[in-house]
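Asks: Structure incoming, see below.
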Amino acid sequence: MMKLSRLLQQSRNQIGNSVDAKDALKLCAFSSQANHSTLPTARQNYATKERIFAPYSVFKGKAALSFQPVMPTFIKLDSGHHRIERRGVMLLTFMPSVGERKYDYEKRQHFALSATEMGTVMSLGPTGSSEFFHDPSMLSSNAGQVRKSLSIKSQSDGGGGYFISLSVVNNILKFNDRFNVPLTAGEFTVLKTACSFALPYIMGWDQLTGKLPEGMANNKYLKVVVEKPAVADREQPDLEWDR
């Protein structure tokens with residue numbers, strides 16, 4: 001976090017609250033390091049303090065978009081077995097443009113795709129479209145106060161590209177943000193392929209055929225609790241609602 005603060009302060013001193021495309025990649029990595037776990041590979045185990053960050057980012061005229069997997073967290077039961085406490089997601093991060101290849105990191109917004117929503121993205125054809133809605137206060141007295149809507153629509157030119165749009169309405173903090181990022185056919189294929197590859201890991205199914213990553217038993221992503229019946233988990237982590 002100290003590295004993140006220093007980089008943010010350095011960027012503010014140079015260009016106000018904006019960062020260029022190169023610094024935006026660093027900021028996404030530092031932010032991820034402070035907030036979530038990473039995707040383990042089948043070929044290599046990493047020590048507890050080691051993290052791997054590899055967000056895929058596209059920078060467009062009006063906004064930038066990056067996406068990366070966020071792994072599930074696990075609970076160790078008193079029986080010695082493990083079960084998922086919170087499922088993973090594919091985290092999309094949007095940043096508005098404030099100049100040529102400069103983006104406002106402080107005004108970033110997140111949208112966390114669940115496993116089912118990832119499946120919907122993967123199923124989209126050349127002329128497909130879909131829309132997702134998230135409400136962090138659903139079923140409470142504050143329902144509807146903060147709403148996020150993600151829209152994915154194919155471009156009309158027939159080139160295989162898509163428009164990804166995020167709308168955020170926050171009646172508590174009194175702001176309304178909208179991001180629109182056009183993706184080429186190649187960029188959207190990367191998103192679909194990334195979802196396909198990451199899906200078993202996000203569901204925690206990779207752990208069915210192997211042990212937990214080395215060092216996980218001693219890190220902050222694993223809790224020891226008294227065994228109890230499984231309860232409904234949240235598929236969208238709190239980090240999606242940091243604004």
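In the structure tokens, chains take letters A, B, ... by order of appearance, with residues numbered from 1 within each chain and ligands from 1 in the order shown.
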Which residues are near region 117-130 of chain A? Cut-off 7 Å, only C-alpha atoms, ignore same chain within fewer than 3 positions. Put them as a PyMOL selection string.
Replies: chain A and resi 113-114+151-154+160+192+195
Asks: DSSP on the backbone: which residues in region 43-207 of chain A end up as helix (DSSP H, G or I)? Give the answer as a PyMOL selection string.
Replies: chain A and resi 105-107+115-123+185-203+205-207
Asks: I need the residue nearest Pro72 (chain A) from this list: A:Phe59, A:Glu240, A:Asn171, A:Gly204. Use only C-alpha atoms for the distance.
Replies: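 Going through A:Phe59, A:Glu240, A:Asn171, A:Gly204 one by one, the smallest distance to Pro72 (chain A) is for A:Gly204.
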Asks: Point out the residue among A:Asp20, A:Ile164, A:Phe179, A:Gly144 with the least atom-to-atom distance to Arg108 (chain A), counting only C-alpha atoms.
Replies: A:Phe179
Asks: Find the residues around Ala64 (chain A) up to 6 Å (only C-alpha atoms counted), leave out those fewer than 6 positions away in its own chain, and share them as a ChimeraX atom specification.
Replies: /A:58,94-95
Asks: Go ahead and save the residues from that selection, with all heavy atoms, as a tab-separated table (two decimals), in the first residue's frame.
Replies:
chain	number	residue	atom	x	y	z
A	58	VAL	N	-7.02	-2.80	-21.83
A	58	VAL	CA	-7.18	-2.12	-23.10
A	58	VAL	C	-7.42	-0.64	-22.80
A	58	VAL	O	-8.13	-0.28	-21.87
A	58	VAL	CB	-8.34	-2.69	-23.94
A	58	VAL	CG1	-8.02	-4.11	-24.39
A	58	VAL	CG2	-9.64	-2.67	-23.17
A	94	PHE	N	-12.83	-0.27	-14.61
A	94	PHE	CA	-12.97	0.80	-15.59
A	94	PHE	C	-12.35	2.08	-15.04
A	94	PHE	O	-12.51	2.40	-13.86
A	94	PHE	CB	-14.45	1.07	-15.91
A	94	PHE	CG	-15.17	-0.07	-16.57
A	94	PHE	CD1	-15.61	-1.16	-15.83
A	94	PHE	CD2	-15.41	-0.05	-17.94
A	94	PHE	CE1	-16.29	-2.21	-16.43
A	94	PHE	CE2	-16.09	-1.09	-18.56
A	94	PHE	CZ	-16.52	-2.18	-17.80
A	95	MET	N	-11.67	2.84	-15.91
A	95	MET	CA	-11.12	4.14	-15.54
A	95	MET	C	-11.44	5.15	-16.65
A	95	MET	O	-11.22	4.85	-17.83
A	95	MET	CB	-9.61	4.07	-15.34
A	95	MET	CG	-9.16	3.27	-14.13
A	95	MET	SD	-7.35	3.34	-13.89
A	95	MET	CE	-6.80	2.42	-15.34
Asks: Would you work out the distance separating CA of Ser196 (chain A) from CA of Pro55 (chain A), expressed in Å to one decimal?
Replies: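 So the answer is 15.4 Å.
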Asks: Please indicate the distance in Å from CA of Pro200 (chain A) to CA of Ile52 (chain A), rounded to one decimal place.
Replies: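 Interatomic distance here is 18.0 Å.
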Asks: Using Å and a single decimal, report how far CA of Ser140 (chain A) sits from CA of Arg178 (chain A).
Replies: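 Distance reported for this atom pair: 25.2 Å.
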Asks: Measuring atom to atom with only C-alpha atoms, identify which of A:Thr116, A:Gln109, A:Ala198, A:Leu183 is nearest to Val169 (chain A).
Replies: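 Nearest to Val169 (chain A): A:Gln109.
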Asks: Looking at only C-alpha atoms, which of A:Leu191, A:Asp177, A:Ala185, A:Leu208 is the one that sits closest to Leu91 (chain A)?
Replies: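 Closest to Leu91 (chain A), using only C-alpha atoms: A:Leu191.
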Asks: Check region 48-165 of chain A with DSSP on the backbone and list each residue it calls strand (DSSP E), as a ChimeraX atom specification.
Replies: /A:56-59,63-70,73-77,82-86,89-99,102-104,109-113,129-134,146-154,162-165
